[in-house]
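**Q** Data: my_file.cif, mmCIF, C-alpha atoms.
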data_data
#
loop_
_atom_site.group_PDB
_atom_site.id
_atom_site.type_symbol
_atom_site.label_atom_id
_atom_site.label_comp_id
_atom_site.auth_asym_id
_atom_site.auth_seq_id
_atom_site.Cartn_x
_atom_site.Cartn_y
_atom_site.Cartn_z
ATOM 1 C CA MET W 412 20.276 43.498 -8.059
ATOM 2 C CA VAL W 413 22.162 40.331 -8.851
ATOM 3 C CA PHE W 414 24.732 38.936 -6.480
ATOM 4 C CA LYS W 415 27.297 36.595 -7.934
ATOM 5 C CA ARG W 416 29.304 36.235 -4.782
ATOM 6 C CA SER W 417 27.710 33.046 -3.498
ATOM 7 C CA GLU W 418 28.074 31.182 -6.771
ATOM 8 C CA ARG W 419 30.955 28.951 -5.927
ATOM 9 C CA THR W 420 32.079 25.785 -7.585
ATOM 10 C CA GLU W 421 33.635 22.798 -5.873
ATOM 11 C CA GLU W 422 37.080 24.004 -6.832
ATOM 12 C CA THR W 423 36.616 27.531 -5.590
ATOM 13 C CA PRO W 424 38.903 28.396 -2.697
ATOM 14 C CA GLY W 425 36.935 29.099 0.445
ATOM 15 C CA ARG W 426 34.173 26.605 -0.181
ATOM 16 C CA GLY W 427 32.521 25.572 3.049
ATOM 17 C CA VAL W 428 34.253 28.276 5.064
ATOM 18 C CA PRO W 429 31.638 30.434 6.819
ATOM 19 C CA LEU W 430 31.461 34.114 6.039
ATOM 20 C CA PRO W 431 32.397 36.383 8.956
ATOM 21 C CA VAL W 432 30.579 39.577 9.876
ATOM 22 C CA LYS W 433 31.367 41.793 12.827
ATOM 23 C CA ILE W 434 29.909 44.348 15.150
ATOM 24 C CA VAL W 435 32.056 46.640 17.287
ATOM 25 C CA VAL W 436 31.102 47.208 20.921
ATOM 26 C CA ALA W 437 32.653 50.406 22.205
ATOM 27 C CA GLY W 438 32.456 52.462 25.336
ATOM 28 C CA GLY W 439 34.451 53.646 28.297
ATOM 29 C CA TYR W 440 36.456 51.534 30.678
ATOM 30 C CA ALA W 441 34.367 49.082 32.740
ATOM 31 C CA VAL W 442 31.066 50.121 31.152
ATOM 32 C CA GLY W 443 30.192 46.472 30.561
ATOM 33 C CA LYS W 444 31.492 45.730 27.049
ATOM 34 C CA THR W 445 32.729 42.249 27.863
ATOM 35 C CA THR W 446 29.578 41.483 29.855
ATOM 36 C CA PHE W 447 27.496 42.593 26.861
ATOM 37 C CA VAL W 448 29.512 40.388 24.498
ATOM 38 C CA GLY W 449 29.457 37.452 26.922
ATOM 39 C CA SER W 450 25.696 37.598 27.450
ATOM 40 C CA ILE W 451 25.021 36.443 23.890
ATOM 41 C CA SER W 452 28.280 34.861 22.702
ATOM 42 C CA GLU W 453 28.310 31.087 22.164
ATOM 43 C CA ILE W 454 31.866 30.971 23.508
ATOM 44 C CA GLU W 455 33.351 32.488 26.646
ATOM 45 C CA PRO W 456 34.687 35.850 25.492
ATOM 46 C CA LEU W 457 38.273 35.517 24.290
ATOM 47 C CA THR W 458 41.012 38.089 24.502
ATOM 48 C CA THR W 459 43.407 38.996 21.752
ATOM 49 C CA GLU W 460 46.241 41.440 21.921
ATOM 50 C CA ALA W 461 47.419 43.997 19.445
ATOM 51 C CA SER W 462 50.762 45.641 19.832
ATOM 52 C CA LEU W 463 51.002 49.413 19.623
ATOM 53 C CA THR W 464 54.476 49.006 18.253
ATOM 54 C CA SER W 465 53.341 47.400 15.038
ATOM 55 C CA HIS W 466 50.456 49.560 13.925
ATOM 56 C CA SER W 467 50.482 52.880 15.741
ATOM 57 C CA LYS W 468 49.989 55.921 13.593
ATOM 58 C CA GLY W 469 51.254 59.333 14.599
ATOM 59 C CA VAL W 470 51.843 60.336 18.150
ATOM 60 C CA ASP W 471 49.491 59.505 20.979
ATOM 61 C CA ILE W 472 47.886 62.102 23.214
ATOM 62 C CA ALA W 473 50.650 61.897 25.771
ATOM 63 C CA GLY W 474 53.076 62.959 23.024
ATOM 64 C CA GLU W 475 55.154 59.883 23.491
ATOM 65 C CA ALA W 476 57.254 58.379 20.761
ATOM 66 C CA GLU W 477 55.512 56.339 18.092
ATOM 67 C CA LYS W 478 57.407 53.178 18.912
ATOM 68 C CA LYS W 479 55.593 52.341 22.068
ATOM 69 C CA SER W 480 56.026 48.932 23.537
ATOM 70 C CA THR W 481 52.610 48.336 25.034
ATOM 71 C CA THR W 482 49.830 46.027 24.077
ATOM 72 C CA VAL W 483 46.108 46.607 24.155
ATOM 73 C CA ALA W 484 43.702 43.797 24.764
ATOM 74 C CA MET W 485 40.403 43.338 23.033
ATOM 75 C CA ASP W 486 37.676 40.944 24.130
ATOM 76 C CA PHE W 487 35.472 39.273 21.586
ATOM 77 C CA GLY W 488 32.721 36.711 21.235
ATOM 78 C CA ARG W 489 31.104 34.690 18.482
ATOM 79 C CA ILE W 490 27.546 33.941 17.391
ATOM 80 C CA SER W 491 26.875 31.397 14.640
ATOM 81 C CA LEU W 492 24.006 32.523 12.437
ATOM 82 C CA GLY W 493 23.249 29.332 10.562
ATOM 83 C CA ASP W 494 25.911 27.121 8.999
ATOM 84 C CA ASP W 495 27.586 29.647 6.787
ATOM 85 C CA LEU W 496 27.598 32.926 8.685
ATOM 86 C CA ILE W 497 29.389 33.843 11.914
ATOM 87 C CA LEU W 498 28.906 37.134 13.722
ATOM 88 C CA TYR W 499 31.846 38.359 15.798
ATOM 89 C CA LEU W 500 31.399 40.958 18.506
ATOM 90 C CA PHE W 501 34.543 42.905 19.281
ATOM 91 C CA GLY W 502 34.711 44.913 22.491
ATOM 92 C CA THR W 503 37.182 47.695 22.018
ATOM 93 C CA PRO W 504 39.026 50.016 24.367
ATOM 94 C CA GLY W 505 37.443 53.436 24.188
ATOM 95 C CA GLN W 506 40.340 55.747 24.811
ATOM 96 C CA ASP W 507 41.563 58.169 22.145
ATOM 97 C CA ARG W 508 45.004 56.673 22.040
ATOM 98 C CA PHE W 509 43.664 53.384 20.715
ATOM 99 C CA HIS W 510 42.155 54.869 17.578
ATOM 100 C CA PHE W 511 44.793 53.161 15.509
ATOM 101 C CA MET W 512 43.093 49.900 16.245
ATOM 102 C CA TRP W 513 39.609 51.151 15.492
ATOM 103 C CA ASP W 514 40.515 51.778 11.842
ATOM 104 C CA ASP W 515 41.231 48.097 11.579
ATOM 105 C CA LEU W 516 38.144 47.146 13.509
ATOM 106 C CA VAL W 517 35.568 49.230 11.691
ATOM 107 C CA ARG W 518 36.719 48.195 8.214
ATOM 108 C CA GLY W 519 33.951 45.975 6.930
ATOM 109 C CA ALA W 520 31.945 46.146 10.164
ATOM 110 C CA ILE W 521 28.146 46.148 10.158
ATOM 111 C CA GLY W 522 28.241 48.911 12.733
ATOM 112 C CA ALA W 523 28.889 49.680 16.358
ATOM 113 C CA VAL W 524 27.093 49.645 19.685
ATOM 114 C CA VAL W 525 28.276 52.467 21.939
ATOM 115 C CA LEU W 526 27.652 51.394 25.524
ATOM 116 C CA VAL W 527 27.050 54.287 27.888
ATOM 117 C CA ASP W 528 27.202 54.532 31.655
ATOM 118 C CA THR W 529 25.135 57.615 32.478
ATOM 119 C CA SER W 530 27.277 58.411 35.496
ATOM 120 C CA ARG W 531 30.302 58.711 33.192
ATOM 121 C CA LEU W 532 28.917 60.084 29.953
ATOM 122 C CA GLU W 533 32.206 61.641 28.916
ATOM 123 C CA ASP W 534 33.789 58.209 28.600
ATOM 124 C CA CYS W 535 32.040 57.577 25.305
ATOM 125 C CA PHE W 536 32.669 60.928 23.588
ATOM 126 C CA ALA W 537 35.661 59.516 21.713
ATOM 127 C CA ALA W 538 33.703 56.542 20.409
ATOM 128 C CA VAL W 539 30.746 58.636 19.223
ATOM 129 C CA ASP W 540 33.066 61.111 17.495
ATOM 130 C CA TYR W 541 35.003 58.369 15.849
ATOM 131 C CA PHE W 542 32.049 56.423 14.462
ATOM 132 C CA GLU W 543 30.407 59.601 13.203
ATOM 133 C CA SER W 544 33.509 60.672 11.314
ATOM 134 C CA ALA W 545 34.097 57.143 10.030
ATOM 135 C CA GLY W 546 30.529 57.017 8.690
ATOM 136 C CA LEU W 547 29.896 53.781 10.542
ATOM 137 C CA PRO W 548 26.270 53.064 11.510
ATOM 138 C CA PHE W 549 25.995 53.018 15.294
ATOM 139 C CA VAL W 550 23.442 52.948 18.076
ATOM 140 C CA VAL W 551 23.839 54.303 21.586
ATOM 141 C CA ALA W 552 22.808 51.873 24.313
ATOM 142 C CA VAL W 553 22.611 53.098 27.877
ATOM 143 C CA ASN W 554 23.595 50.245 30.152
ATOM 144 C CA ALA W 555 21.106 50.228 33.009
ATOM 145 C CA PHE W 556 22.820 48.947 36.093
ATOM 146 C CA PHE W 557 20.174 47.405 38.322
ATOM 147 C CA GLY W 558 17.513 48.596 35.909
ATOM 148 C CA ARG W 559 18.110 52.258 36.656
ATOM 149 C CA ILE W 560 19.545 55.038 34.565
ATOM 150 C CA HIS W 561 20.507 58.370 36.009
ATOM 151 C CA HIS W 562 19.339 60.465 33.071
ATOM 152 C CA SER W 563 16.598 60.162 30.484
ATOM 153 C CA LEU W 564 17.530 59.062 26.970
ATOM 154 C CA ASP W 565 16.672 62.539 25.709
ATOM 155 C CA ASP W 566 19.094 64.080 28.182
ATOM 156 C CA VAL W 567 21.807 61.636 27.155
ATOM 157 C CA ARG W 568 21.184 62.375 23.472
ATOM 158 C CA GLU W 569 21.516 66.082 24.124
ATOM 159 C CA ALA W 570 24.583 65.733 26.318
ATOM 160 C CA LEU W 571 26.381 63.585 23.755
ATOM 161 C CA ALA W 572 25.044 65.565 20.762
ATOM 162 C CA ILE W 573 23.774 62.347 19.174
ATOM 163 C CA PRO W 574 22.094 63.075 15.806
ATOM 164 C CA ALA W 575 18.337 62.484 15.720
ATOM 165 C CA ASP W 576 18.634 59.578 13.260
ATOM 166 C CA VAL W 577 20.887 57.554 15.554
ATOM 167 C CA PRO W 578 18.816 55.060 17.561
ATOM 168 C CA MET W 579 19.154 55.154 21.339
ATOM 169 C CA MET W 580 17.912 52.589 23.798
ATOM 170 C CA VAL W 581 18.268 51.323 27.340
ATOM 171 C CA THR W 582 19.913 47.926 27.575
ATOM 172 C CA ASP W 583 21.164 45.535 30.224
ATOM 173 C CA ALA W 584 24.549 44.103 29.340
ATOM 174 C CA ARG W 585 23.963 41.078 31.567
ATOM 175 C CA ASP W 586 20.752 40.077 29.865
ATOM 176 C CA ARG W 587 20.810 38.030 26.682
ATOM 177 C CA ALA W 588 17.419 39.250 25.471
ATOM 178 C CA ALA W 589 18.353 42.899 26.012
ATOM 179 C CA THR W 590 21.679 42.393 24.221
ATOM 180 C CA LYS W 591 19.925 40.666 21.341
ATOM 181 C CA ALA W 592 17.397 43.515 21.060
ATOM 182 C CA THR W 593 20.244 46.034 20.986
ATOM 183 C CA LEU W 594 22.063 44.135 18.234
ATOM 184 C CA LEU W 595 18.840 43.818 16.230
ATOM 185 C CA GLU W 596 18.307 47.558 16.509
ATOM 186 C CA LEU W 597 21.811 48.174 15.178
ATOM 187 C CA VAL W 598 21.467 45.777 12.235
ATOM 188 C CA GLN W 599 18.072 47.295 11.390
ATOM 189 C CA HIS W 600 19.648 50.753 11.507
ATOM 190 C CA ALA W 601 22.513 49.593 9.261
ATOM 191 C CA LEU W 602 19.958 48.137 6.834
ATOM 192 C CA THR W 603 18.025 51.399 6.720
ATOM 193 C CA ARG W 604 21.241 53.311 6.113
ATOM 194 C CA ALA W 605 22.379 50.917 3.398
ATOM 195 C CA ALA W 606 19.000 51.102 1.672
ATOM 196 C CA THR W 607 19.028 54.892 1.675
ATOM 197 C CA PRO W 608 21.047 56.493 -1.116
ATOM 198 C CA ALA W 609 23.674 58.769 0.390
ATOM 199 C CA MET C 356 41.753 45.758 28.802
ATOM 200 C CA SER C 357 45.406 46.065 29.513
ATOM 201 C CA GLU C 358 47.852 48.794 28.735
ATOM 202 C CA THR C 359 50.681 47.720 30.930
ATOM 203 C CA PRO C 360 53.900 46.732 29.209
ATOM 204 C CA ARG C 361 54.164 42.990 28.862
ATOM 205 C CA GLU C 362 57.197 40.822 29.259
ATOM 206 C CA ASP C 363 59.532 40.591 26.314
ATOM 207 C CA ARG C 364 58.451 37.019 25.838
ATOM 208 C CA LEU C 365 55.080 38.195 24.627
ATOM 209 C CA ARG C 366 56.022 41.445 23.034
ATOM 210 C CA VAL C 367 59.121 40.814 20.988
ATOM 211 C CA ARG C 368 59.719 37.172 20.395
ATOM 212 C CA PRO C 369 56.580 36.419 18.382
ATOM 213 C CA TYR C 370 57.753 38.691 15.614
ATOM 214 C CA ALA C 371 60.798 36.480 15.260
ATOM 215 C CA LEU C 372 58.303 33.991 13.836
ATOM 216 C CA THR C 373 57.523 36.378 11.017
ATOM 217 C CA GLY C 374 61.113 37.278 10.285
ATOM 218 C CA GLY C 375 60.416 40.644 11.862
ATOM 219 C CA ARG C 376 57.719 41.492 9.322
ATOM 220 C CA VAL C 377 54.570 43.204 10.484
ATOM 221 C CA ARG C 378 52.770 42.843 7.159
ATOM 222 C CA SER C 379 51.870 39.875 5.081
ATOM 223 C CA SER C 380 51.506 39.832 1.318
ATOM 224 C CA THR C 381 47.858 39.015 2.001
ATOM 225 C CA GLU C 382 46.126 41.578 4.222
ATOM 226 C CA LEU C 383 43.482 39.734 6.171
ATOM 227 C CA ALA C 384 40.881 41.238 8.473
ATOM 228 C CA LEU C 385 40.961 40.054 12.070
ATOM 229 C CA GLU C 386 37.576 38.355 11.665
ATOM 230 C CA THR C 387 38.660 36.461 8.549
ATOM 231 C CA ILE C 388 37.765 32.809 8.936
ATOM 232 C CA VAL C 389 40.283 30.250 7.741
ATOM 233 C CA ARG C 390 40.271 26.499 7.430
ATOM 234 C CA VAL C 391 43.071 24.065 6.764
ATOM 235 C CA THR C 392 43.336 22.765 3.192
ATOM 236 C CA PRO C 393 44.071 19.125 2.311
ATOM 237 C CA ARG C 394 47.568 20.320 1.461
ATOM 238 C CA GLY C 395 47.881 21.969 4.865
ATOM 239 C CA GLU C 396 46.748 18.771 6.553
ATOM 240 C CA ALA C 397 49.200 16.678 4.569
ATOM 241 C CA SER C 398 52.188 18.864 5.314
ATOM 242 C CA SER C 399 51.387 19.872 8.877
ATOM 243 C CA ALA C 400 53.939 17.428 10.328
ATOM 244 C CA ASP C 401 56.708 19.258 8.477
ATOM 245 C CA LEU C 402 55.747 22.713 9.715
ATOM 246 C CA ASN C 403 57.172 24.586 12.671
ATOM 247 C CA THR C 404 55.259 24.541 15.935
ATOM 248 C CA GLU C 405 53.133 27.630 15.419
ATOM 249 C CA ARG C 406 52.186 26.809 11.844
ATOM 250 C CA ARG C 407 51.359 23.257 12.829
ATOM 251 C CA GLN C 408 49.213 24.522 15.711
ATOM 252 C CA ILE C 409 47.398 26.857 13.333
ATOM 253 C CA CYS C 410 46.735 24.004 10.892
ATOM 254 C CA GLU C 411 45.406 21.806 13.705
ATOM 255 C CA MET C 412 43.245 24.566 15.165
ATOM 256 C CA CYS C 413 41.810 25.363 11.759
ATOM 257 C CA ALA C 414 40.490 21.854 11.144
ATOM 258 C CA ASP C 415 37.260 23.663 12.015
ATOM 259 C CA PRO C 416 36.702 27.121 10.550
ATOM 260 C CA THR C 417 38.412 29.593 12.890
ATOM 261 C CA SER C 418 38.922 33.358 12.748
ATOM 262 C CA ILE C 419 42.284 35.059 12.928
ATOM 263 C CA ALA C 420 41.212 36.679 16.203
ATOM 264 C CA GLU C 421 40.453 33.250 17.681
ATOM 265 C CA VAL C 422 43.801 31.855 16.516
ATOM 266 C CA SER C 423 45.484 34.830 18.187
ATOM 267 C CA ALA C 424 43.553 34.332 21.429
ATOM 268 C CA HIS C 425 44.104 30.570 21.647
ATOM 269 C CA LEU C 426 47.808 30.652 20.724
ATOM 270 C CA LYS C 427 48.345 33.769 22.869
ATOM 271 C CA LEU C 428 50.134 35.453 20.007
ATOM 272 C CA PRO C 429 49.568 39.129 19.115
ATOM 273 C CA LEU C 430 47.090 39.763 16.308
ATOM 274 C CA GLY C 431 49.763 41.327 14.119
ATOM 275 C CA VAL C 432 51.874 38.190 14.242
ATOM 276 C CA VAL C 433 48.956 35.868 13.518
ATOM 277 C CA ARG C 434 47.867 37.987 10.564
ATOM 278 C CA VAL C 435 51.277 37.646 9.005
ATOM 279 C CA LEU C 436 51.544 33.916 9.708
ATOM 280 C CA VAL C 437 48.018 33.138 8.493
ATOM 281 C CA GLY C 438 48.371 35.453 5.489
ATOM 282 C CA ASP C 439 51.497 33.585 4.444
ATOM 283 C CA MET C 440 49.824 30.233 4.969
ATOM 284 C CA VAL C 441 46.869 31.269 2.804
ATOM 285 C CA THR C 442 49.284 32.375 0.088
ATOM 286 C CA GLU C 443 51.080 29.034 0.350
ATOM 287 C CA GLY C 444 47.824 27.095 0.036
ATOM 288 C CA LEU C 445 47.959 25.616 3.540
ATOM 289 C CA LEU C 446 44.836 27.480 4.629
ATOM 290 C CA ASP C 447 41.691 28.527 2.848
ATOM 291 C CA CYS C 448 39.677 31.649 3.548
ATOM 292 C CA ASN C 449 36.308 32.852 2.377
ATOM 293 C CA VAL C 450 36.941 36.562 2.248
ATOM 294 C CA PRO C 451 38.439 38.315 -0.723
ATOM 295 C CA VAL C 452 41.469 40.384 0.135
ATOM 296 C CA VAL C 453 40.289 43.727 1.472
ATOM 297 C CA ALA C 454 41.087 46.353 -1.091
ATOM 298 C CA GLY C 455 39.503 49.681 -0.226
ATOM 299 C CA ASP C 456 37.535 51.065 2.684
ATOM 300 C CA ASP C 457 34.193 50.562 1.002
ATOM 301 C CA THR C 458 33.620 47.164 2.500
ATOM 302 C CA ARG C 459 30.289 47.534 4.291
ATOM 303 C CA PRO C 460 28.155 44.420 4.156
ATOM 304 C CA ASP C 461 25.563 44.689 1.396
ATOM 305 C CA LEU C 462 21.807 44.669 1.915
ATOM 306 C CA ARG C 463 21.389 40.980 1.361
ATOM 307 C CA LEU C 464 24.066 40.094 3.874
ATOM 308 C CA LEU C 465 22.566 42.499 6.436
ATOM 309 C CA GLU C 466 19.186 40.849 5.956
ATOM 310 C CA ARG C 467 20.743 37.455 6.604
ATOM 311 C CA VAL C 468 22.301 38.772 9.804
ATOM 312 C CA LEU C 469 18.977 40.260 10.902
ATOM 313 C CA ASP C 470 17.146 36.984 10.213
ATOM 314 C CA GLY C 471 19.862 34.999 11.961
ATOM 315 C CA LEU C 472 19.774 37.182 15.069
ATOM 316 C CA GLN C 473 15.995 37.098 15.210
ATOM 317 C CA ALA C 474 16.089 33.307 15.077
ATOM 318 C CA LEU C 475 18.417 33.054 18.091
#
Could you write out this file's structure as structure tokens?
**A**
Amino acid sequence: MVFKRSERTEETPGRGVPLPVKIVVAGGYAVGKTTFVGSISEIEPLTTEASLTSHSKGVDIAGEAEKKSTTVAMDFGRISLGDDLILYLFGTPGQDRFHFMWDDLVRGAIGAVVLVDTSRLEDCFAAVDYFESAGLPFVVAVNAFFGRIHHSLDDVREALAIPADVPMMVTDARDRAATKATLLELVQHALTRAATPA
Amino acid sequence: MSETPREDRLRVRPYALTGGRVRSSTELALETIVRVTPRGEASSADLNTERRQICEMCADPTSIAEVSAHLKLPLGVVRVLVGDMVTEGLLDCNVPVVAGDDTRPDLRLLERVLDGLQAL
């Protein structure tokens, strides 16, 4: 295959501006998304806010009106991969009602890490469902608090009905090496998926 | 993560900056990286506060999400402002305007990411 994209001349707009790539980090409330992002980010995780008023689609699960004046916050970090490539990690709220924002987030993403707390498995159902239906490559990483998980990976896979081809692993959101290994697993999975004709 | 209603100062007023618009003519992804152009640098003194701040912040390549976080402006507002500024030639970005949903990184880009992560 031939890629013309990087052939830029001096006059081409965008010269010298790094290319962004992103990975979504999803999971239930307080599962450790921001800790995971912060363990490998080169900046302190930042917070940005999106307004439900501007982008909400349809009616949320509470059946409230579409024009809802709340904001949702999203934490993110940054990893420079060489001079011309920057990886952003976006930690996203996991609740159903925030799906409107996920559409935006997953567009163009490499894939997603679904962080799981085995004592609250149900918190990540929405994320798993969403990424499956969106066709986004994802891995399921069980966050081991204090090195312990309450259920085996096989049990978690069964409980969440994770397809056999989706990688699962134990991680530690506080540990840079564990976070890096989890991200590598995801990118490898995305590569395998991209190299396999649908 | 916050789902509590914010003060009006944060929720409503920023959209006054965009003339009430929630869309820009240029639809940029939140990770889009922008940098100020020579034209943006030259005219930054004549711009309003937010646009000038964006120009100054983007002396180094900066993503829309980072601009939003540092200026404490909602993402939607920053996307409109930055989109307009790209259209006006004040800012430069490296990403073609997102057209469809088929925007997954290609194999070569994924390999670069893998190599980059491994080298960390």
**Q** Selection in question (the file shown): the PyMOL selection byres ((chain W) within 8 of (chain C)). Which residues does it include, as a PDB file with C-alpha atoms, in the coordinates of the input?
**A**
ATOM      1  CA  PRO W 424      38.903  28.396  -2.697  1.00  0.00           C
ATOM      2  CA  GLY W 425      36.935  29.099   0.445  1.00  0.00           C
ATOM      3  CA  ARG W 426      34.173  26.605  -0.181  1.00  0.00           C
ATOM      4  CA  VAL W 428      34.253  28.276   5.064  1.00  0.00           C
ATOM      5  CA  PRO W 429      31.638  30.434   6.819  1.00  0.00           C
ATOM      6  CA  LEU W 430      31.461  34.114   6.039  1.00  0.00           C
ATOM      7  CA  PRO W 431      32.397  36.383   8.956  1.00  0.00           C
ATOM      8  CA  VAL W 432      30.579  39.577   9.876  1.00  0.00           C
ATOM      9  CA  LYS W 433      31.367  41.793  12.827  1.00  0.00           C
ATOM     10  CA  LEU W 457      38.273  35.517  24.290  1.00  0.00           C
ATOM     11  CA  THR W 458      41.012  38.089  24.502  1.00  0.00           C
ATOM     12  CA  THR W 459      43.407  38.996  21.752  1.00  0.00           C
ATOM     13  CA  GLU W 460      46.241  41.440  21.921  1.00  0.00           C
ATOM     14  CA  ALA W 461      47.419  43.997  19.445  1.00  0.00           C
ATOM     15  CA  SER W 462      50.762  45.641  19.832  1.00  0.00           C
ATOM     16  CA  SER W 465      53.341  47.400  15.038  1.00  0.00           C
ATOM     17  CA  SER W 480      56.026  48.932  23.537  1.00  0.00           C
ATOM     18  CA  THR W 481      52.610  48.336  25.034  1.00  0.00           C
ATOM     19  CA  THR W 482      49.830  46.027  24.077  1.00  0.00           C
ATOM     20  CA  VAL W 483      46.108  46.607  24.155  1.00  0.00           C
ATOM     21  CA  ALA W 484      43.702  43.797  24.764  1.00  0.00           C
ATOM     22  CA  MET W 485      40.403  43.338  23.033  1.00  0.00           C
ATOM     23  CA  ASP W 486      37.676  40.944  24.130  1.00  0.00           C
ATOM     24  CA  LEU W 492      24.006  32.523  12.437  1.00  0.00           C
ATOM     25  CA  GLY W 493      23.249  29.332  10.562  1.00  0.00           C
ATOM     26  CA  LEU W 496      27.598  32.926   8.685  1.00  0.00           C
ATOM     27  CA  LEU W 498      28.906  37.134  13.722  1.00  0.00           C
ATOM     28  CA  TYR W 499      31.846  38.359  15.798  1.00  0.00           C
ATOM     29  CA  PRO W 504      39.026  50.016  24.367  1.00  0.00           C
ATOM     30  CA  ASP W 515      41.231  48.097  11.579  1.00  0.00           C
ATOM     31  CA  LEU W 516      38.144  47.146  13.509  1.00  0.00           C
ATOM     32  CA  ARG W 518      36.719  48.195   8.214  1.00  0.00           C
ATOM     33  CA  GLY W 519      33.951  45.975   6.930  1.00  0.00           C
ATOM     34  CA  ALA W 520      31.945  46.146  10.164  1.00  0.00           C
ATOM     35  CA  ILE W 521      28.146  46.148  10.158  1.00  0.00           C
ATOM     36  CA  LYS W 591      19.925  40.666  21.341  1.00  0.00           C
ATOM     37  CA  LEU W 594      22.063  44.135  18.234  1.00  0.00           C
ATOM     38  CA  LEU W 595      18.840  43.818  16.230  1.00  0.00           C
ATOM     39  CA  VAL W 598      21.467  45.777  12.235  1.00  0.00           C
ATOM     40  CA  GLN W 599      18.072  47.295  11.390  1.00  0.00           C
ATOM     41  CA  ALA W 601      22.513  49.593   9.261  1.00  0.00           C
ATOM     42  CA  LEU W 602      19.958  48.137   6.834  1.00  0.00           C
ATOM     43  CA  ALA W 605      22.379  50.917   3.398  1.00  0.00           C
ATOM     44  CA  ALA W 606      19.000  51.102   1.672  1.00  0.00           C
TER      45      ALA W 606
END
**Q** Do you have the atom CA of W:Gly488-atom CA of W:Thr603 distance handy?
**A**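 Atom-to-atom, atom CA of W:Gly488 and atom CA of W:Thr603 are spaced 25.3 Å apart.
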**Q** Set the distance at 9 Å and use only C-alpha atoms: which residues neighbour W:Ile560 once local chain neighbours fewer than 3 positions away are removed? I'd like the list as a PyMOL selection string.
**A** chain W and resi 528-530+553-557+563-564+581
**Q** In Å, with one decimal, what is the gap from atom CA of W:His600 to atom CA of W:Val517?
**A**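 One can read the atom CA of W:His600 to atom CA of W:Val517 distance as 16.0 Å.
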**Q** What gap, in Å, lies between atom CA of W:Thr503 and atom CA of W:Val435?
**A**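 These two atoms are separated by 7.1 Å.
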**Q** Taking the file as I've supplied it (selection: the PyMOL selection byres ((chain W and resi 445-456) around 8)), which residues are included? Please answer as a list in words.
**A**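 With the PyMOL selection byres ((chain W and resi 445-456) around 8) on this model, the match is Val436, Gly443, Lys444, Leu457, Thr458, Asp486, Phe487, Gly488, Arg489, Ile490, Ser491, Leu500, Phe501, Gly502, Asp583, Ala584, Arg585, Asp586, Arg587, Thr590 and Lys591 of chain W.
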**Q** Could you check which of C:Leu383, C:Leu436, C:Leu445, C:Ala414 is closest to C:Asp401, using all atoms listed in the file?
**A**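 Smallest distance to C:Asp401 is found for C:Leu445.
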